Every structure is written in structure tokens, then in C-alpha cells.
Amino acid sequence: MTQPEPTRVETARWWIVAFGTTILLSAFLLFQVQPLVSKAILPWFGGAPAVWTTCMLFFQSLLFGGYLYAHLMQSRLSPRHQGAIHLALVAVAAAMLPVLPGAEWKPAPQAEPTWQILVLLAATVGLPYFVLSATSPLVQAWFGGAYPGRSPYRLYALSNVGSLAALLSYPFVFEPAFDLAIQSSLWSGAFIVYAVLCAALLACVWQLAANRPAAAGAACAVQAAGPSWLDRLRWVALPACASLMLLAATNHICQDVAVAPFLWVAPLSLYLLSFIICFDHSRWYVRRLWAALAVVSLVLAAWCDFKRVYDGSYGPTALTTELQIYLSALFCACMVCHGELARLKPAPRYLTEFYLLLSAGGALGGAFTAIAAPKLFSTYLEWPIGVAATFVLSVGLLVLPKRKTGGDRDSAARAADDSRRRDRRPMRFSRSAGAAANTAKFENVLFRLGWAAFGLAALAGLFYAAIWQTGLSNPLYRRRNFFGVVSVIFNAEKNEFQLRHGRIQHGRQSADPEKRRLPSSYYGEQSGAGEAIRYYQKSGPIRAGIVGLGAGTLATYARPEDAFRFYEINPEMIRLACDFFSYLPDCRGKWEIIPGDARLALEAEPRQEYDVLVLDAFSGDAIPTHLLTREAFEIYRRHLKPDGAIAVHVSNNHLLLGPVVRRLADDCGMKTVRLCTHPDPETMVDMSQWIVVTNNEDFLDSHPPRPPSMPDDGMTVPVWTDQYSNLLQILAP
């Protein structure tokens with residue numbers, strides 16, 4: 001009797017390629033769209049680091065929704081119905097392209113940012129992201145049904161490879177080469193290719209449903225052991241801890257550098273790399289090795305924070321070292337969390353439930369960082385909380401006794417071992433052997449209790465250090481909101497009040513009545529802002545627009561006939577300037593504060609005819625790039641008198657902003673002069689760098705550059721636009 005020609009899908013090797021390609025492309029698109037859309041909406045919400053954190057919360061929550069959808073379909077519907085429903089959703093999502101929001105989604109200047117961002121993302125990129133997020137668990141489940149003898153978890157590693165490729169290619173390939181409109185078109189085209197692949201897989205699923213014997217699936221179901229509730233709790237807790245570390249590290253880095261895709265990408269890439277390594281094969285995660293590396297790197301990260309506060313080491317040369325330390329701590333912590341998670345992966349039958357709870361943990365970590373932490377804490381305590389939690393976890397793993405069984409296995413293999421043990425006849429022990437066993441057990445309990453006490457002590461110590469690390473042990477005021485942490489402290493040694501955003505000083509005022517009216521900090525008479533204001537005051541009353549209120553220091557320059565308008569996005573800054581500093585109450589001229597994002601406000605209001613427009617809206621060392629684009633400068637010029645000046649504060653520890661401003665000035669047909677100041681303790685003036693942009697030849701002639709030359713004078717960069725900016729080019733050496 002001749003054997004029938006094999007027709008089962010398991011025998012078709014090219015289906016393996018189809019499964020892998022679909023997962024790879026869907027993961028690439030899933031993580032390519034995150035920096036793309038986030039960068040597009042960043043200018044609308046003040047360029048704050050919390051924009052990315054809120055976007056991450058949305059993407060993690062929608063990832064959970066996609067995994068829930070995959071789990072419900074896998075548990076309740078046949079493969080035929082699963083494929084048909086998913087393909088229909090893919091078609092609807094394709095009809096909603098492109099994913100970039102239009103101008104109609106631009107918020108009002110004073111709109112509440114968090115919920116505006118979530119609603120905007122849901123309406124634009126929501127459905128395409130949802131179907132992409134459900135692809136990996138669905139396709140892995142279909143693969144497990146098509147190839148019962150093969151583990152689908154390596155496809156999860158392949159999925160993370162695609163995600164990592166998307167993240168690494170965005171800041172180094174797509175962002176420098178293409179503007180946002182072209183990036184969006186390329187992404188939409190790739191999504192259409194993904195839709196075609198989904199249609200091909202639908203044919204595979206139908207063939208699987210027709211050819212696969214039902215008994216085979218039943219047999220697999222009988223052999224698979226179910227996870228315990230403790231396992232399920234770990235499936236949530238471990239990814240939640242890793243997600244917390246990811247977002248906390250991103251916030252920690254962005255607060256002092258810039259809110260930019262390449263600084264979002266680095267932490268997220270390491271986070272995904274840990275997934276790839278841990279889920280590819282058990283050999284890569286050696287528990288004691290990675291736990292030891294995590295302990296060392298986390299201690300170094302904590303020490304780095306303490307050192308910065310203790311000796312004030314904010315120099316640009318420390319940036320690379322600090323990034324290496326923080327990112328190493330993040331990577332090792334994620335390796336520990338995801339390595340332990342990989343050890344707990346269940347039989348393929350429970351795959352979608354595993355991914356569902358895993359994504360729930362990630363969403364919980366994101367919700368804690370983006371929503372709960374700003375409400376619960378007055379500073380960025382989620383970073384030390386994450387450091388402390390993963391430190392205690394790593395210490396605990398280091399002291400766990402080694403298992404004689406060796407390598408990592410899934411729950412089905414462990415269940416098989418348990419079954420074989422139950423079938424064996426129990427061995428008989430002597431009384432002395434039993435007593436020795438009890439003694440050993442008691443000693444083991446004491447040993448673990450000792451290490452638990454050590455872990456709790458370490459946790460308490462890190463929490464105390466975390467509070468101390470801000471350098472604001474006794475602040476007069478400290479508050480955190482969407483835009484960061486602002487604080488007011490009194491420095492008794494210098495007899496002055498200081499305003500800080502994060503760890504960077506943003507204004508100060510002497511408590512001495514004779515010095516309280518001095519334009520201090522970065523705003524002395526020799527600063528770019530001071531020189532420009534005093535120059536135009538020689539010709540009569542002036543109108544000045546100031547983007548960024550700070551402590552209100554520039555109000556000291558106002559005369560009774562002058563009018564100063566301050567634009568401030570952070571309501572806490574307005575409260576502090578009015579309640580703790582007297583620059584505004586003592587102002588002799590007319591002044592008003594325009595709340596909300598300065599660019600949106602300037603765009604919406606009629607021409608103001610400013611003599612001087614001051615740009616000083618930097619938070620910490622982070623820069624809002626949307627204020628330094630061609631479109632932004634077009635708005636500034638509309639509000640400026642023909643011979644007026646734009647004074648741009650370019651002091652920064654990490655970025656060379658001078659070339660960016662000079663290129664923008666050249667693009668709009670204006671000239672520039674750099675004016676730097678040196679610190680003067682007597683007048684409370686700090687070192688600062690300003691670039692004044694103007695076509696006023698008399699101002700330029702009377703204000704030669706100070707100093708005459710700078711290392712970046714010959715540096716050229718492409719003009720920044722709302723569609724294109726590249727911080728990698730201007731990193732300080």
C-alpha cells in the first residue's frame with residue numbers, strides 16, 4: 001500500500017519562515033512606531049521627559065490589551081476563527097494609516113498633558129499598535145499547534161530581535177536620514193507588507209485546522225502541567241520590576257540631558273536585549289553570575305548619584321561614565337528579572353496566559369512610574385525604589401541553595417519529575433538521619449532569615465539614601481508634576497534662596513535686602529539677556545518676552561515704562577516665583593505671566609512687537625528641542641520688531657547648542673554673537689553662555705563676542721525642524 005503524499009503543515013518548511021518573518025516584522029513595526037509617534041507629539045507638550053514616560057505607559061497598556069485579546073482568542077476560538085478575526089482587524093488598521101496625528105490634535109496651551117496624550121495616541125496609533133502587539137503570542141500559539149515538538153519560546157526571542165533592530169535603527173538610520181513624514185510613509189508601507197504576511201499565515205492556520213488530528217491536541221493538553229498561583233504571581237512581579245527600572249532609568253537620564261529618541265532607545269534596547277538573551281536558551285542566564293553583576297552595578301549606580309550630589313560633579317566629561325554605569329545597572333537588573341522569568345515559562349498550552357500576565361506586569365510598572373509616582377512622591381523616588389528592589393532580589397538569589405537538578409526547564413518538565421518522584425517507593429531513614437535533616441533544615445531557615453534581614457536593612461538604607469541623594473534634605477518646598485521636580489532651599493552659608501529643577505540650579509536670590517534686587521545667577525548684566533535688555537532700554541520703553549520664568553530674575557531689569565511677559569509651562573514654577581522669591585513682587589514695570597507652552601501660546605496670539613525675546617526654558621540640563629527648530633524661529637520672528645533680538649541661553653553640560661542656534665539664525669537670515677559670563681560671587685553671577693540673534697548692526701558692533709572664539713565655532717549642523725533634529729551630532733566631547 002503506497003503512503004499518501006504528506007500534506008500536513010508541519011512538513012512544509014517554508015511555513016517556518018512565514019511564522020518567523022511575520023513575528024520579526026510585527027515586532028520591528030511595534031517598536032519603530034514608538035519613538036516615531038512620541039517624537040511627533042513631543043513639541044505639543046513642552047518637550048518634557050514625562051511625554052515619553054506617558055507614551056510608554058500607553059504602549060505597555062495596549063500591549064497588555066493585545067495579549068489579552070490573543071489569550072481569549074486562543075482559549076475560546078478555533079484556529080480558523082482566530083485567523084479570520086485577526087486578519088479582519090489588520091485590514092481595518094491598515095485603512096487607518098498613516099499613524100501620525102494631524103494638527104487638529106494639537107492641545108490647548110494649558111491642557112492637562114497626561115490624559116491628552118493617552119487619548120491622542122488611542123485615536124491615531126491605537127488600533128495598528130493593538131493588532132501588532134497581539135501578533136507575537138498568537139503566531140507563537142499557532143506555531144506550537146503546527147509543530148508540537150518544537151518550543152515556541154525561541155520565536156519570542158526572535159520577536160525581541162526585531163524590536164531591538166527597530167530601536168537601534170531609529171536614532172542611527174531613520175531619524176538622521178528621514179524627516180517624520182517620510183518615516184511615517186515607510187512605516188505604513190511596511191505595515192501593508194505585514195498585512196500580506198498575515199493573510200498567508202491565515203492559509204496556514206486553515207490548513208492546520210483541516211489536517212491536524214484533534215487527538216494530538218488532546219494528548220498534549222493532558223501532558224501539560226498547569227502553573228501554580230505562585231508562578232502566576234511571579235509572572236507579574238518580575239516584569240513589573242524590570243519595567244519600573246526601565247522607565248525610572250529613562251527618566252533619570254533624560255532629566256539631565258535631553259528628551260530625545262536616542263536616550264529613550266538606549267534603555268529600551270538593553271531591556272529588550274535581556275529578553276532576547278534569557279528566552280533564547282537557558283544556558284545564557286547563569287543565576288549567580290548575573291545576580292552578582294547586578295549587585296555590583298546597582299551599588300555603583302547608587303554611589304554615582306551620591307557622588308554627584310556630594311561634590312557637585314556635573315561636568316560634561318562625566319556624562320559617558322555615568323551613562324555607562326546607569327545603563328549597566330539597568331541591564332543587569334533586567335537580566336535578573338527576565339532570567340528568573342524565563343526559568344518559570346510554562347508549557348506551550350499556557351503560553352498566551354504567560355504572555356498576558358507578563359504584559360500586565362509591564363503595564364503595572366509603567367502605570368506606577370507615569371501615574372502613581374508623580375502623585376505619591378515629591379521627587380523621582382521610583383529610580384531608587386527600583387534599584388533597592390532589584391538589589392534585594394539579586395542578593396536573595398545569590399544566597400539561594402543550588403539545585404541538584406541543574407538547568408532551567410519549563411513547568412511541564414518539572415511536573416514530569418514530580419510525577420516520577422511520586423511513583424517511587426519512599427525511602428526509609430533512620431532516626432539519626434531524620435534528626436540531621438531537621439537540623440540542616442533549621443539551619444537553612446536561619447540562614448535565609450539572616451539574609452532576609454540583611455536585604456531589608458539594605459532596602460531601608462537605600463531608601464534613606466534615596467531621599468538624601470536629592471541634596472535637598474530640608475527643602476522649603478518641593479513638588480513633582482508632569483514637568484519634573486522643582487524645589488526651593490535656603491543656603492545658610494551663602495544666605496540665599498535657591499530654585500532648583502531636578503538637581504540643576506535655576507535661579508537664586510540673596511536674603512540680604514541690599515542684594516535682593518541684583519540680577520543674579522545666569523542673568524547678570526554681562527549675560528546675553530542682560531546686555532540685550534539694557535541695550536534696547538537706551539532707546540526708550542521696551543517690550544520683552546521671556547520664555548521660561550524661573551525665579552523671575554529678569555524682572556529686575558524692568559523700568560516703570562517697560563512691559564515684560566513671561567511664558568511658563570510649569571504651574572509650580574509660577575507658584576514658586578510668586579511665593580518664595582521677590583523679583584516679581586518688587587518689579588517696577590508692568591509684568592504678566594502667560595501659563596502653558598510658550599510656543600503654542602506665541603503661535604496662537606497676535607503679534608507682540610517685542611524688542612527682546614529671551615529663550616531660557618531648559619529644565620535641568622534637558623532641552624526642549626521644539627523651541628530650537630525652524631518653525632519655532634519663524635514664530636519668534638513674527639513677534640519680534642525688525643531690529644529686535646532673540647537672546648538664547650545655551651549653557652549646557654552635555655550638548656553644544658551654539659551650532660544649532662547659529663544654523664537657525666543663518667537659515668532665517670539673521671546674525672549672531674556669543675556672550676559668555678564668568679562667575680562673580682560678589683554679585684551672585686554664575687558662569688553662563690548666551691547667543692544673541694539679531695540683525696541690529698549697532699548691537700553687533702558694540703558687543704563683540706566674548707570670548708573671541710570657542711571650540712565649536714567652526715562646527716556646522718543641519719538646520720533643525722519639527723520633522724528633524726539630531727542630538728547625537730552635538731554631544732559635548
# chains A, B, ... in the order shown; residues from 1 in each chain; ligands from 1

$ select_by_dssp --residues "region 494-732 of chain A" --states "strand (DSSP E or B)" --output "PyMOL selection string"
chain A and resi 496-501+504-510+521+543-547+563-568+590-595+610-615+619+622+640-649+655+671-677+680+685+688-694+706+731

$ residues_around --residues "Ala248 (chain A)" --least-positions-apart "3" --cutoff "12 Å" --atoms "only C-alpha atoms" --output "compact mmCIF listing (two decimals) with N, CA and C atoms, in the first residue's frame"
# COMPACT_ATOMS: atom_id res chain seq x y z
N PRO A 49 10.34 65.24 29.77
CA PRO A 49 10.65 63.81 29.81
C PRO A 49 9.42 62.95 30.04
N ALA A 50 8.42 63.50 30.75
CA ALA A 50 7.22 62.72 31.04
C ALA A 50 6.41 62.40 29.79
N TRP A 52 7.59 60.97 27.09
CA TRP A 52 7.99 59.61 26.73
C TRP A 52 7.48 58.60 27.75
N THR A 53 7.52 58.94 29.03
CA THR A 53 7.02 58.03 30.06
C THR A 53 5.54 57.76 29.87
N MET A 56 5.09 55.53 26.90
CA MET A 56 5.43 54.15 27.27
C MET A 56 4.30 53.50 28.04
N ALA A 240 7.14 43.49 36.16
CA ALA A 240 6.80 44.80 36.72
C ALA A 240 8.05 45.48 37.27
N CYS A 241 8.89 44.72 37.94
CA CYS A 241 10.13 45.27 38.47
C CYS A 241 11.06 45.73 37.34
N ALA A 242 11.17 44.93 36.29
CA ALA A 242 12.01 45.31 35.15
C ALA A 242 11.46 46.55 34.45
N SER A 243 10.14 46.63 34.29
CA SER A 243 9.52 47.79 33.65
C SER A 243 9.73 49.06 34.48
N LEU A 244 9.61 48.91 35.79
CA LEU A 244 9.88 50.04 36.68
C LEU A 244 11.31 50.54 36.50
N MET A 245 12.27 49.62 36.45
CA MET A 245 13.66 50.01 36.26
C MET A 245 13.87 50.70 34.92
N ASN A 251 13.81 58.19 32.83
CA ASN A 251 13.57 59.48 33.47
C ASN A 251 14.84 60.04 34.08
N HIS A 252 15.59 59.17 34.75
CA HIS A 252 16.80 59.58 35.44
C HIS A 252 17.80 60.17 34.46
N ILE A 253 17.92 59.56 33.29
CA ILE A 253 18.87 60.03 32.29
C ILE A 253 18.35 61.29 31.59
N CYS A 254 17.09 61.27 31.19
CA CYS A 254 16.56 62.39 30.40
C CYS A 254 16.45 63.68 31.20
N GLN A 255 16.32 63.59 32.52
CA GLN A 255 16.20 64.80 33.32
C GLN A 255 17.41 65.70 33.19
N TRP A 264 15.89 57.62 24.74
CA TRP A 264 14.83 56.68 25.04
C TRP A 264 15.25 55.28 24.59
N PRO A 267 18.01 52.73 26.91
CA PRO A 267 17.48 51.87 27.98
C PRO A 267 16.54 50.80 27.45
N LEU A 268 15.67 51.17 26.51
CA LEU A 268 14.71 50.19 25.99
C LEU A 268 15.41 49.08 25.21
N TYR A 326 24.71 53.78 34.75
CA TYR A 326 23.25 53.65 34.87
C TYR A 326 22.70 52.57 33.94
N LEU A 327 23.19 52.55 32.70
CA LEU A 327 22.70 51.56 31.75
C LEU A 327 23.15 50.15 32.11
N ALA A 329 23.60 49.10 35.19
CA ALA A 329 22.72 48.71 36.29
C ALA A 329 21.36 48.27 35.77
N LEU A 330 20.83 49.03 34.81
CA LEU A 330 19.54 48.66 34.22
C LEU A 330 19.61 47.30 33.55
N GLY A 365 4.18 48.31 36.03
CA GLY A 365 5.39 49.09 36.24
C GLY A 365 5.30 50.46 35.57
N GLY A 366 4.73 50.49 34.35
CA GLY A 366 4.57 51.76 33.65
C GLY A 366 3.57 52.67 34.33
N ALA A 367 2.46 52.10 34.81
CA ALA A 367 1.44 52.90 35.48
C ALA A 367 1.98 53.49 36.78
N PHE A 368 2.77 52.71 37.49
CA PHE A 368 3.36 53.21 38.73
C PHE A 368 4.27 54.41 38.45
N THR A 369 5.07 54.32 37.39
CA THR A 369 6.03 55.39 37.09
C THR A 369 5.35 56.62 36.51
N ALA A 370 4.39 56.43 35.61
CA ALA A 370 3.80 57.56 34.89
C ALA A 370 2.64 58.21 35.63
N ALA A 373 3.57 57.50 40.72
CA ALA A 373 4.74 58.14 41.32
C ALA A 373 4.63 59.66 41.38
N PRO A 374 4.18 60.35 40.30
CA PRO A 374 4.06 61.82 40.42
C PRO A 374 3.06 62.26 41.48
N THR A 379 9.65 63.75 44.57
CA THR A 379 10.86 63.67 43.76
C THR A 379 10.84 62.34 43.01
N TYR A 380 11.90 62.06 42.25
CA TYR A 380 11.92 60.85 41.43
C TYR A 380 12.39 59.66 42.25
N LEU A 381 11.53 59.20 43.16
CA LEU A 381 11.89 58.10 44.03
C LEU A 381 11.75 56.73 43.37
N GLU A 382 11.11 56.67 42.20
CA GLU A 382 10.95 55.35 41.57
C GLU A 382 12.30 54.77 41.14
N TRP A 383 13.27 55.62 40.82
CA TRP A 383 14.60 55.10 40.48
C TRP A 383 15.25 54.42 41.68
N PRO A 384 15.40 55.08 42.84
CA PRO A 384 15.96 54.35 43.98
C PRO A 384 15.08 53.19 44.45
N ILE A 385 13.77 53.29 44.27
CA ILE A 385 12.91 52.16 44.62
C ILE A 385 13.24 50.96 43.74
N GLY A 386 13.37 51.20 42.44
CA GLY A 386 13.73 50.12 41.53
C GLY A 386 15.11 49.56 41.85
N VAL A 387 16.06 50.45 42.13
CA VAL A 387 17.41 50.00 42.50
C VAL A 387 17.36 49.14 43.75

$ residues_around --residues "Leu613 (chain A)" --least-positions-apart "4" --cutoff "9 Å" --atoms "only C-alpha atoms" --output "PyMOL selection string"
chain A and resi 529+543-547+636+639-640+644-648

$ write_last_selection --atoms "C-alpha atoms" --output "compact mmCIF listing (two decimals), in the first residue's frame"
# COMPACT_ATOMS: atom_id res chain seq x y z
CA ALA A 529 19.80 88.61 28.18
CA ARG A 543 8.51 95.13 25.42
CA ALA A 544 10.28 91.91 26.40
CA GLY A 545 9.06 88.34 26.08
CA ILE A 546 10.73 85.76 28.32
CA VAL A 547 10.22 82.05 27.56
CA TYR A 636 9.68 84.16 17.19
CA HIS A 639 6.61 88.57 17.29
CA LEU A 640 9.92 90.46 17.05
CA GLY A 644 14.89 93.30 17.76
CA ALA A 645 16.97 90.50 19.30
CA ILE A 646 16.47 86.92 20.44
CA ALA A 647 18.69 86.01 23.43
CA VAL A 648 19.12 82.23 23.65

$ closest_atom_pairs --of "region 17-130 of chain A" --to "region 152-168 of chain A" --cutoff "12 Å" --atoms "only C-alpha atoms" --output "Markdown table"
| residue | atom | partner | partner_atom | distance |
| --- | --- | --- | --- | --- |
| A:Val17 | CA | A:Leu155 | CA | 11.1 |
| A:Ala18 | CA | A:Leu155 | CA | 11.7 |
| A:Phe19 | CA | A:Leu155 | CA | 8.5 |
| A:Gly20 | CA | A:Leu155 | CA | 6.8 |
| A:Thr21 | CA | A:Leu158 | CA | 9.3 |
| A:Thr22 | CA | A:Ser159 | CA | 9.2 |
| A:Ile23 | CA | A:Ser159 | CA | 5.6 |
| A:Leu24 | CA | A:Gly162 | CA | 4.9 |
| A:Leu25 | CA | A:Gly162 | CA | 6.6 |
| A:Ser26 | CA | A:Gly162 | CA | 7.8 |
| A:Ala27 | CA | A:Ser163 | CA | 5.0 |
| A:Phe28 | CA | A:Gly162 | CA | 4.6 |
| A:Leu29 | CA | A:Ala166 | CA | 7.1 |
| A:Leu30 | CA | A:Ser163 | CA | 7.0 |
| A:Phe31 | CA | A:Ser163 | CA | 5.4 |
| A:Gln32 | CA | A:Ala166 | CA | 5.0 |
| A:Val33 | CA | A:Ala166 | CA | 8.8 |
| A:Gln34 | CA | A:Leu167 | CA | 8.9 |
| A:Pro35 | CA | A:Leu167 | CA | 8.1 |
| A:Leu36 | CA | A:Leu167 | CA | 10.3 |

$ residues_around --residues "Leu63 (chain A)" --least-positions-apart "6" --cutoff "12 Å" --atoms "only C-alpha atoms" --output "PyMOL selection string"
chain A and resi 27+30-31+56-57+69-70+126-137+355-364+366

$ closest_atom_pairs --of "region 508-572 of chain A" --to "region 699-712 of chain A" --cutoff "9 Å" --atoms "only C-alpha atoms" --output "Markdown table"
| residue | atom | partner | partner_atom | distance |
| --- | --- | --- | --- | --- |
| A:Glu531 | CA | A:His703 | CA | 8.4 |
| A:Ala532 | CA | A:Phe699 | CA | 8.2 |
| A:Tyr535 | CA | A:Phe699 | CA | 7.5 |

$ atom_distance --atom1 "CA of Phe490 (chain A)" --atom2 "CA of Glu682 (chain A)"
18.0 Å

$ residues_around --residues "Pro98 (chain A)" --least-positions-apart "6" --cutoff "9 Å" --atoms "only C-alpha atoms" --output "PDB file with N, CA, C and O atoms, in the first residue's frame"
ATOM      1  N   THR A 124      -5.147  57.603  17.207  1.00  0.00           N
ATOM      2  CA  THR A 124      -4.327  57.611  15.990  1.00  0.00           C
ATOM      3  C   THR A 124      -3.591  56.294  15.774  1.00  0.00           C
ATOM      4  O   THR A 124      -3.797  55.608  14.777  1.00  0.00           O
ATOM      5  N   VAL A 125      -2.749  55.931  16.699  1.00  0.00           N
ATOM      6  CA  VAL A 125      -1.919  54.735  16.522  1.00  0.00           C
ATOM      7  C   VAL A 125      -2.490  53.530  17.259  1.00  0.00           C
ATOM      8  O   VAL A 125      -1.964  52.424  17.164  1.00  0.00           O
ATOM      9  N   SER A 184       6.975  58.102   8.476  1.00  0.00           N
ATOM     10  CA  SER A 184       5.600  57.609   8.582  1.00  0.00           C
ATOM     11  C   SER A 184       5.192  56.843   7.325  1.00  0.00           C
ATOM     12  O   SER A 184       4.527  55.792   7.411  1.00  0.00           O
ATOM     13  N   SER A 185       5.589  57.326   6.161  1.00  0.00           N
ATOM     14  CA  SER A 185       5.248  56.641   4.907  1.00  0.00           C
ATOM     15  C   SER A 185       5.930  55.279   4.826  1.00  0.00           C
ATOM     16  O   SER A 185       5.315  54.284   4.410  1.00  0.00           O
ATOM     17  N   TRP A 187       6.872  53.446   7.340  1.00  0.00           N
ATOM     18  CA  TRP A 187       6.236  52.562   8.314  1.00  0.00           C
ATOM     19  C   TRP A 187       4.904  52.039   7.772  1.00  0.00           C
ATOM     20  O   TRP A 187       4.583  50.856   7.936  1.00  0.00           O
ATOM     21  N   SER A 188       4.139  52.902   7.132  1.00  0.00           N
ATOM     22  CA  SER A 188       2.844  52.475   6.585  1.00  0.00           C
ATOM     23  C   SER A 188       3.031  51.422   5.500  1.00  0.00           C
ATOM     24  O   SER A 188       2.271  50.441   5.435  1.00  0.00           O
TER      25      SER A 188
END

$ atom_distance --atom1 "CA of Arg630 (chain A)" --atom2 "CA of Pro718 (chain A)"
10.8 Å

$ closest_residue --among "A:Ala266, A:Ala388, A:Val485, A:Val660" --to "Ser169 (chain A)" --atoms "only C-alpha atoms"
A:Ala266

$ atom_distance --atom1 "CA of Gly102 (chain A)" --atom2 "CA of Cys198 (chain A)"
28.4 Å

$ select_by_dssp --residues "region 289-381 of chain A" --states "alpha helix (DSSP H)" --output "PyMOL selection string"
chain A and resi 289-311+318-343+351-367+373-376

$ closest_residue --among "A:Asp305, A:Asp586, A:Asp597, A:Asp698" --to "Trp44 (chain A)" --atoms "only C-alpha atoms"
A:Asp597

$ decode --residues "region 569-586 of chain A" --atoms "N, CA, C and O atoms" --output "PDB file, in the first residue's frame"
ATOM      1  N   ILE A 569       5.380  77.050  31.300  1.00  0.00           N
ATOM      2  CA  ILE A 569       4.538  75.868  31.128  1.00  0.00           C
ATOM      3  C   ILE A 569       4.241  75.163  32.444  1.00  0.00           C
ATOM      4  O   ILE A 569       3.233  74.486  32.582  1.00  0.00           O
ATOM      5  N   ASN A 570       5.131  75.321  33.425  1.00  0.00           N
ATOM      6  CA  ASN A 570       5.014  74.582  34.679  1.00  0.00           C
ATOM      7  C   ASN A 570       4.310  75.436  35.727  1.00  0.00           C
ATOM      8  O   ASN A 570       4.860  76.444  36.191  1.00  0.00           O
ATOM      9  N   PRO A 571       3.100  75.062  36.149  1.00  0.00           N
ATOM     10  CA  PRO A 571       2.390  75.881  37.146  1.00  0.00           C
ATOM     11  C   PRO A 571       3.112  75.974  38.478  1.00  0.00           C
ATOM     12  O   PRO A 571       2.945  76.950  39.209  1.00  0.00           O
ATOM     13  N   GLU A 572       3.932  74.961  38.801  1.00  0.00           N
ATOM     14  CA  GLU A 572       4.675  75.020  40.056  1.00  0.00           C
ATOM     15  C   GLU A 572       5.713  76.135  40.037  1.00  0.00           C
ATOM     16  O   GLU A 572       5.983  76.777  41.055  1.00  0.00           O
ATOM     17  N   MET A 573       6.327  76.371  38.877  1.00  0.00           N
ATOM     18  CA  MET A 573       7.288  77.461  38.761  1.00  0.00           C
ATOM     19  C   MET A 573       6.620  78.809  39.031  1.00  0.00           C
ATOM     20  O   MET A 573       7.204  79.693  39.670  1.00  0.00           O
ATOM     21  N   ILE A 574       5.420  78.988  38.543  1.00  0.00           N
ATOM     22  CA  ILE A 574       4.690  80.238  38.768  1.00  0.00           C
ATOM     23  C   ILE A 574       4.443  80.432  40.257  1.00  0.00           C
ATOM     24  O   ILE A 574       4.624  81.532  40.806  1.00  0.00           O
ATOM     25  N   ARG A 575       4.047  79.361  40.933  1.00  0.00           N
ATOM     26  CA  ARG A 575       3.788  79.439  42.367  1.00  0.00           C
ATOM     27  C   ARG A 575       5.058  79.788  43.139  1.00  0.00           C
ATOM     28  O   ARG A 575       5.045  80.636  44.041  1.00  0.00           O
ATOM     29  N   LEU A 576       6.168  79.165  42.780  1.00  0.00           N
ATOM     30  CA  LEU A 576       7.416  79.406  43.499  1.00  0.00           C
ATOM     31  C   LEU A 576       7.919  80.826  43.282  1.00  0.00           C
ATOM     32  O   LEU A 576       8.405  81.482  44.214  1.00  0.00           O
ATOM     33  N   ALA A 577       7.865  81.305  42.037  1.00  0.00           N
ATOM     34  CA  ALA A 577       8.358  82.649  41.742  1.00  0.00           C
ATOM     35  C   ALA A 577       7.582  83.715  42.504  1.00  0.00           C
ATOM     36  O   ALA A 577       8.143  84.754  42.880  1.00  0.00           O
ATOM     37  N   CYS A 578       6.316  83.461  42.748  1.00  0.00           N
ATOM     38  CA  CYS A 578       5.480  84.448  43.437  1.00  0.00           C
ATOM     39  C   CYS A 578       5.536  84.315  44.955  1.00  0.00           C
ATOM     40  O   CYS A 578       5.384  85.314  45.676  1.00  0.00           O
ATOM     41  N   ASP A 579       5.747  83.090  45.459  1.00  0.00           N
ATOM     42  CA  ASP A 579       5.662  82.857  46.902  1.00  0.00           C
ATOM     43  C   ASP A 579       7.005  82.878  47.617  1.00  0.00           C
ATOM     44  O   ASP A 579       7.070  83.225  48.803  1.00  0.00           O
ATOM     45  N   PHE A 580       8.102  82.496  46.942  1.00  0.00           N
ATOM     46  CA  PHE A 580       9.386  82.352  47.625  1.00  0.00           C
ATOM     47  C   PHE A 580      10.440  83.360  47.168  1.00  0.00           C
ATOM     48  O   PHE A 580      11.471  83.495  47.817  1.00  0.00           O
ATOM     49  N   PHE A 581      10.203  84.017  46.048  1.00  0.00           N
ATOM     50  CA  PHE A 581      11.159  84.997  45.537  1.00  0.00           C
ATOM     51  C   PHE A 581      10.435  86.328  45.338  1.00  0.00           C
ATOM     52  O   PHE A 581       9.230  86.356  45.067  1.00  0.00           O
ATOM     53  N   SER A 582      11.176  87.421  45.441  1.00  0.00           N
ATOM     54  CA  SER A 582      10.546  88.747  45.390  1.00  0.00           C
ATOM     55  C   SER A 582      10.836  89.490  44.095  1.00  0.00           C
ATOM     56  O   SER A 582      10.518  90.671  43.981  1.00  0.00           O
ATOM     57  N   TYR A 583      11.442  88.832  43.124  1.00  0.00           N
ATOM     58  CA  TYR A 583      11.740  89.518  41.867  1.00  0.00           C
ATOM     59  C   TYR A 583      10.475  90.052  41.202  1.00  0.00           C
ATOM     60  O   TYR A 583      10.447  91.193  40.714  1.00  0.00           O
ATOM     61  N   LEU A 584       9.426  89.243  41.160  1.00  0.00           N
ATOM     62  CA  LEU A 584       8.179  89.699  40.541  1.00  0.00           C
ATOM     63  C   LEU A 584       7.449  90.724  41.405  1.00  0.00           C
ATOM     64  O   LEU A 584       7.036  91.780  40.894  1.00  0.00           O
ATOM     65  N   PRO A 585       7.259  90.457  42.715  1.00  0.00           N
ATOM     66  CA  PRO A 585       6.587  91.476  43.528  1.00  0.00           C
ATOM     67  C   PRO A 585       7.319  92.819  43.557  1.00  0.00           C
ATOM     68  O   PRO A 585       6.681  93.879  43.650  1.00  0.00           O
ATOM     69  N   ASP A 586       8.666  92.774  43.470  1.00  0.00           N
ATOM     70  CA  ASP A 586       9.447  94.015  43.503  1.00  0.00           C
ATOM     71  C   ASP A 586       9.602  94.664  42.130  1.00  0.00           C
ATOM     72  O   ASP A 586      10.225  95.734  42.020  1.00  0.00           O
TER      73      ASP A 586
END
